[in-house]
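Taking it in order: structure first as structure tokens, then the write-up.
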Amino acid sequence: MLRSHTCGELKFEDVNKEVTLTGWVQKVRDKGGLIWIDIRDRYGITQLLLEDGRSDSEVVKTARQLGREYVIKASGKVIERVSENPNLATGRIEIDLTGLDILNSSITPPFTIEDDTDGGEELRMKYRYLDLRRQPLRKNLELRNRLSIETRKYLDDQKFFEIETPYLIKSTPEGARDFVVPSRMNEGQFYALPQSPQTFKQLLMVAGYDRYYQLVKCFRDEDLRADRQPEFTQIDCEMAFVEQDDILSTFEGMVKYLFKTVKGIDIPELPRMDYADAMKFYGSDKPDIRFGMKFVELNDVAQNKGFKVFDDAELVVGFVADGCAEYSRKQLDKLTEFVKKPQIGAKGLVYVKCNEDGSFKSSVDKFFDQDALKSWSDKISAKSGDLLFVLSGEKDKVRKQLNELRLEMGNRMELRDPNVFAPLWVVDFPLLEWDEDSKRYHAMHHPFTSPKPEDISMLDTKPGEVRANAYDLVINGVEIGGGSIRIHDRDLQKLMFKHLGFTDEEAQDQFGFLLNAFEYGAPPHGGIALGFDRLTALFGGQDSIRDFIAFPKNNSGRDIMIDSPSIIADDQLDELNLKVTV
RNA sequence: GGUCCAGUGGUGUAGCGGUUAACAUGUCGGUCUGUCACACCGAAGAUCGCGGGUUCAAUCCCCGUCUGGACCGCCA
């Protein structure tokens, strides 16, 4: 080793030790007679001291050649500082330098390597290896590392078995777009990268590995978001001989364990909310339950009073924002503008101020008298000083719109504290979802999800109302994971494929291996997959997963550091029998 | 596929139809024996993303384009 210690570990007790440190030059403070050098590695920062006249003149000379990010080896004696720095872990000591070697020089980095860097996002991505030297990024990756270790510990304790599944698999048309990989040895044929190891983990259940897990990369060729990358990591799990409750309690245990060991937070029992209630009371299948503002439906008190907009609506629904009756016209206009944005698409926003004197002031005073407004306020359990928001329209749309407004108000009222964690299970998802484009139902979760036995009879008559044994883990309004009890019966699986519009031939062609496997004693099984990047970002208190991934892609799916994707050479294309047409 | 925002010294920003293009930070030189966001003095550093248009005059206004970011669609 070139060093005896790291830059983060020397303490007052180490005074008088002869040490050698290696690292990068964070900063040189040359006061003329005294020179301080901050040396940094991933463990911390230690201050080195030189005194002109007393220290070795060659060492002083070397020190004066140093620039930011030079790599150095520094030797000397640990001494107590004359003036301590309480902000630094090593702030009580410094190294009285007797030796200094430049191991490598550095050109001036394009941005400052500090917690609060001056670098913009694009530049930091281009020089990601420099950005990763910064403490905030390092802390994020440390958090990720810690979470992966604790995840493995928990699952190992629960007798889960980590098994790797292949990355070069078979493309299927269901679900997200596949990334494909041309096969050189099989002309004109392609592998696909897995969107998830779904079928493999089910085959492992058939094989008898009754508790499987894997921290695994998954790939989806869809547009990116702050919380979506084309390659991402899942904690992928599957269990055999279980029912839904067994899976929920096992992974509720994991959630609690991770919060306890990594964040020191005790999480109480996770509430379970069925999908229908989540939509009804929060307008979302991933409700943020850190705060209230539950929806209240107002059809019976708000309709048939002559306000055509409400009378014509399928649903009139609102919520109360505590203590916001003082909102100004300007603020209310802003919120109206917000819900009318094309991405949200509401036609307008009705508000009712519950004044301190017991009177009401609304945007629809023309149509509703004080008694009518009071009936709304009573129904919605508002107090004086509160503000009601009401939207109306087609049920599904208006719920979605009101959800956006609720989250916006949650932000404005600072009710979405990143240090508060409110996990819950959303259960009883619909099995099927109508798709306007293809004019058919498709699986809401995936085609291997089992319907609730009592709902199977509705598959033919009311397919949209069939519920699945499917569940999501939601924390702070973020979908962290989802899973289901799978179908393990060949006939039921075939029936499902039929309802999803597959012919027998298509089902056999694409999933024959699974249907065949189900002939050989498939146990009842189910599982879950958690988004590891999202979980890490959530623990780190951020919405974007990018800074919790060492080398992420940008908005357009590009890695601007290595400049990928890129074109490939003609002979490479020839070998793969590919022709590029753009 | 769509909507919105941004692009100005190395970096982050300000700015304005006519400017010596401002500020901070970084860089370089100097002074300084207790700094740690060191301080102070001085210097260098910008075809204002690219192309076209309007105008006597464009970094500024308009159109296009590229790049980046946020979002909708999409994400079984």
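A note on labels: chains of the structure tokens are A, B, ... as shown, every chain counts residues from 1, and ligands are counted from 1 in their shown order.
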What are the residues of chain B lining chain A at 9 Å or less? Count only C-alpha atoms (C1' of nucleotides), and put the answer as a compact mmCIF listing (two decimals) with N, CA and C atoms (P, O5', C5', C4', C3', O3' and C1' of nucleotides), in the first residue's frame.
```
# COMPACT_ATOMS: atom_id res chain seq x y z
P U B 3 -46.02 20.67 -29.99
O5' U B 3 -46.22 21.03 -28.45
C5' U B 3 -47.51 21.35 -27.94
C4' U B 3 -47.42 21.58 -26.45
C3' U B 3 -46.35 22.56 -26.01
O3' U B 3 -46.74 23.91 -26.15
C1' U B 3 -46.24 20.64 -24.65
P G B 10 -14.59 30.12 -22.32
O5' G B 10 -14.16 29.15 -21.12
C5' G B 10 -13.81 27.81 -21.40
C4' G B 10 -13.81 27.01 -20.13
C3' G B 10 -15.13 26.98 -19.38
O3' G B 10 -16.01 26.01 -19.90
C1' G B 10 -13.39 27.45 -17.86
P U B 11 -17.56 26.24 -19.91
O5' U B 11 -17.91 26.30 -18.36
C5' U B 11 -17.83 25.12 -17.56
C4' U B 11 -18.26 25.44 -16.15
C3' U B 11 -19.60 26.14 -16.02
O3' U B 11 -20.69 25.25 -16.11
C1' U B 11 -18.03 27.25 -14.67
P G B 12 -22.08 25.72 -16.72
O5' G B 12 -22.66 26.66 -15.57
C5' G B 12 -23.02 26.09 -14.31
C4' G B 12 -23.44 27.17 -13.37
C3' G B 12 -24.50 28.12 -13.89
O3' G B 12 -25.80 27.55 -13.81
C1' G B 12 -22.81 29.36 -12.83
P U B 25 -16.01 35.69 -5.62
O5' U B 25 -15.82 34.24 -6.24
C5' U B 25 -16.42 33.10 -5.63
C4' U B 25 -16.40 31.93 -6.57
C3' U B 25 -15.03 31.51 -7.08
O3' U B 25 -14.34 30.67 -6.15
C1' U B 25 -16.52 31.64 -8.90
P G B 26 -12.76 30.67 -6.11
O5' G B 26 -12.37 29.94 -7.48
C5' G B 26 -12.59 28.54 -7.64
C4' G B 26 -12.31 28.15 -9.07
C3' G B 26 -10.90 28.44 -9.57
O3' G B 26 -10.01 27.39 -9.22
C1' G B 26 -12.45 29.26 -11.13
P U B 27 -8.48 27.72 -8.93
O5' U B 27 -7.94 28.23 -10.35
C5' U B 27 -7.82 27.32 -11.44
C4' U B 27 -7.24 28.04 -12.63
C3' U B 27 -5.96 28.81 -12.34
O3' U B 27 -4.82 27.96 -12.36
C1' U B 27 -7.45 30.17 -13.57
P U B 31 5.47 37.82 -3.41
O5' U B 31 4.53 38.60 -2.38
C5' U B 31 4.77 39.97 -2.09
C4' U B 31 3.76 40.45 -1.08
C3' U B 31 3.64 39.61 0.19
O3' U B 31 4.67 39.91 1.13
C1' U B 31 1.48 40.11 -0.64
P C B 32 5.30 38.71 1.97
O5' C B 32 4.11 38.32 2.95
C5' C B 32 3.68 39.24 3.97
C4' C B 32 2.38 38.75 4.54
C3' C B 32 2.41 37.36 5.16
O3' C B 32 2.91 37.39 6.49
C1' C B 32 0.51 37.56 3.78
P U B 33 3.74 36.08 7.00
O5' U B 33 2.76 35.44 8.07
C5' U B 33 1.57 34.77 7.69
C4' U B 33 1.27 33.70 8.70
C3' U B 33 1.15 34.21 10.14
O3' U B 33 0.17 33.41 10.79
C1' U B 33 2.82 32.56 10.05
P G B 34 -1.03 34.10 11.66
O5' G B 34 -2.16 33.00 11.61
C5' G B 34 -2.82 32.71 10.39
C4' G B 34 -3.74 31.53 10.61
C3' G B 34 -4.55 31.62 11.90
O3' G B 34 -5.80 30.98 11.70
C1' G B 34 -3.27 29.65 11.89
P U B 35 -7.13 31.85 11.42
O5' U B 35 -7.44 31.44 9.91
C5' U B 35 -6.97 32.23 8.83
C4' U B 35 -6.81 31.36 7.63
C3' U B 35 -8.02 30.51 7.30
O3' U B 35 -8.97 31.23 6.54
C1' U B 35 -6.07 29.19 7.20
P C B 36 -10.52 31.02 6.87
O5' C B 36 -10.76 29.50 6.50
C5' C B 36 -10.78 29.07 5.14
C4' C B 36 -10.85 27.57 5.10
C3' C B 36 -12.06 26.96 5.79
O3' C B 36 -13.18 26.96 4.93
C1' C B 36 -10.10 25.79 6.42
P C B 38 -11.54 28.36 0.78
O5' C B 38 -10.93 29.39 1.83
C5' C B 38 -10.59 30.68 1.42
C4' C B 38 -10.44 31.57 2.61
C3' C B 38 -10.32 33.04 2.28
O3' C B 38 -11.61 33.61 2.05
C1' C B 38 -8.67 32.45 3.88
P G B 68 -28.61 15.94 -25.68
O5' G B 68 -28.98 16.80 -24.39
C5' G B 68 -27.99 17.04 -23.41
C4' G B 68 -28.47 18.07 -22.42
C3' G B 68 -29.74 17.73 -21.66
O3' G B 68 -29.52 16.82 -20.62
C1' G B 68 -29.83 19.96 -22.40
P G B 69 -30.69 15.82 -20.17
O5' G B 69 -31.69 16.79 -19.40
C5' G B 69 -31.31 17.37 -18.17
C4' G B 69 -32.35 18.35 -17.71
C3' G B 69 -33.75 17.79 -17.53
O3' G B 69 -33.89 17.12 -16.30
C1' G B 69 -33.87 19.83 -18.71
P A B 70 -34.97 15.94 -16.16
O5' A B 70 -36.35 16.75 -16.10
C5' A B 70 -36.68 17.51 -14.95
C4' A B 70 -38.03 18.13 -15.14
C3' A B 70 -39.13 17.16 -15.56
O3' A B 70 -39.64 16.39 -14.49
C1' A B 70 -39.23 19.10 -16.89
P C B 71 -40.18 14.92 -14.78
O5' C B 71 -41.54 15.19 -15.59
C5' C B 71 -42.65 15.80 -14.93
C4' C B 71 -43.65 16.28 -15.94
C3' C B 71 -44.39 15.20 -16.73
O3' C B 71 -45.43 14.62 -15.98
C1' C B 71 -43.72 16.93 -18.19
P C B 72 -45.97 13.19 -16.34
O5' C B 72 -46.81 13.43 -17.68
C5' C B 72 -48.07 14.08 -17.63
C4' C B 72 -48.68 14.14 -19.01
C3' C B 72 -48.82 12.81 -19.73
O3' C B 72 -49.95 12.08 -19.29
C1' C B 72 -47.93 14.39 -21.21
P C B 74 -50.79 6.15 -22.71
O5' C B 74 -49.34 5.57 -23.04
C5' C B 74 -49.06 4.94 -24.30
C4' C B 74 -47.60 4.63 -24.40
C3' C B 74 -47.04 3.72 -23.31
O3' C B 74 -47.27 2.35 -23.60
C1' C B 74 -45.63 5.59 -23.52
P C B 75 -47.62 1.35 -22.43
O5' C B 75 -46.30 1.43 -21.54
C5' C B 75 -45.11 0.74 -21.92
C4' C B 75 -44.07 0.93 -20.85
C3' C B 75 -44.41 0.38 -19.47
O3' C B 75 -44.17 -1.00 -19.40
C1' C B 75 -43.55 2.55 -19.24
P A B 76 -44.94 -1.80 -18.24
O5' A B 76 -45.72 -2.91 -19.06
C5' A B 76 -46.70 -2.55 -20.03
C4' A B 76 -47.63 -3.70 -20.24
C3' A B 76 -48.57 -4.00 -19.07
O3' A B 76 -49.82 -4.46 -19.61
C1' A B 76 -47.28 -5.89 -19.56
```
Which residues in region 13-203 of chain A does DSSP call helix (DSSP H, G or I)? List them as a ChimeraX atom specification.
/A:13-14,57-63,121-126,128-131,135-157,198-203
Would you mind reading off the distance between CA of Glu575 (chain A) and CA of Gly188 (chain A), one decimal, in Å?
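For CA of Glu575 (chain A) relative to CA of Gly188 (chain A), the distance reads 10.7 Å.
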Compare B:C48, B:C5, B:A43, B:C61 by their minimum atom-to-atom distance to A21 (chain B), counting only C-alpha atoms (C1' of nucleotides), and give me the closest one.
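Smallest separation from A21 (chain B) among the options: B:C48.
Of the residues in region 72-178 of chain A, those that DSSP places in strand (DSSP E) on the basis of the backbone are A:Ile72, A:Lys73, A:Ala74, A:Ser75, A:Gly76, A:Lys77, A:Val78, A:Ile79, A:Glu80, A:Ile93, A:Glu94, A:Ile95, A:Asp96, A:Leu97, A:Thr98, A:Gly99, A:Leu100, A:Asp101, A:Ile102, A:Leu103, A:Asn104, A:Phe161, A:Glu162.
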Tell me which of A:Ile480, A:Met413, A:Leu431, A:Cys324 sits closest to Ala382 (chain A), counting only C-alpha atoms.
A:Cys324
For G17 (chain B), list every protein, DNA or RNA residue within 10 Å, evaluated using only C-alpha atoms (C1' of nucleotides), and leave out those in the same chain fewer than 4 positions away; present the list as a short mmCIF file (atom, residue, chain, number, x, y, z; two decimals) with N, CA, C and O atoms (P, O5', C5', C4', C3', O3' and C1' of nucleotides), in the first residue's frame.
```cif
data_model
loop_
_atom_site.label_atom_id
_atom_site.label_comp_id
_atom_site.auth_asym_id
_atom_site.auth_seq_id
_atom_site.Cartn_x
_atom_site.Cartn_y
_atom_site.Cartn_z
P U B 55 -36.80 44.93 -43.38
"O5'" U B 55 -36.05 45.75 -42.23
"C5'" U B 55 -36.80 46.48 -41.26
"C4'" U B 55 -35.88 47.00 -40.19
"C3'" U B 55 -34.65 47.74 -40.71
"O3'" U B 55 -34.95 49.09 -41.04
"C1'" U B 55 -34.00 46.20 -39.03
P A B 57 -29.64 46.93 -41.40
"O5'" A B 57 -29.02 47.02 -39.93
"C5'" A B 57 -27.61 47.18 -39.76
"C4'" A B 57 -27.28 47.36 -38.30
"C3'" A B 57 -27.79 46.26 -37.38
"O3'" A B 57 -26.93 45.14 -37.39
"C1'" A B 57 -28.27 48.38 -36.45
P A B 58 -27.53 43.67 -37.28
"O5'" A B 58 -28.12 43.66 -35.81
"C5'" A B 58 -27.29 43.89 -34.66
"C4'" A B 58 -27.61 42.85 -33.60
"C3'" A B 58 -27.37 41.41 -34.05
"O3'" A B 58 -26.95 40.65 -32.93
"C1'" A B 58 -29.63 41.69 -33.52
P C B 60 -30.16 37.73 -31.19
"O5'" C B 60 -30.98 38.36 -29.99
"C5'" C B 60 -31.39 37.57 -28.87
"C4'" C B 60 -32.00 38.48 -27.83
"C3'" C B 60 -33.23 39.22 -28.30
"O3'" C B 60 -34.19 39.28 -27.27
"C1'" C B 60 -31.57 40.76 -27.61
P C B 61 -35.43 38.29 -27.33
"O5'" C B 61 -36.24 38.82 -28.60
"C5'" C B 61 -37.27 39.79 -28.46
"C4'" C B 61 -37.99 39.97 -29.77
"C3'" C B 61 -38.21 38.69 -30.57
"O3'" C B 61 -39.37 38.00 -30.13
"C1'" C B 61 -37.32 40.33 -32.00
#
```
Pick out the closest residue to Ile567 (chain A) from this set: A:Ile528, A:Met254, A:Gln26, A:Val582. Count only C-alpha atoms.
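Distance minimum relative to Ile567 (chain A) lands on A:Val582.
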Selected residue, from A:Met561, A:Ala302, A:Leu10, A:Ile568, that lies nearest to Lys126 (chain A) when counting only C-alpha atoms
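Closest candidate: A:Met561.
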Gap from CA of Asp322 (chain A) to CA of Cys354 (chain A) - Å, one decimal:
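Between CA of Asp322 (chain A) and CA of Cys354 (chain A) the gap works out to 10.0 Å.
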Env of A14 (chain B): 12 Å cut, atoms = only C-alpha atoms (C1' of nucleotides), seq-sep filter 3 positions within chain, self excluded. Answer as a list in words.
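Here the answer would be U8, A21, A22, C23 and A24 of chain B.
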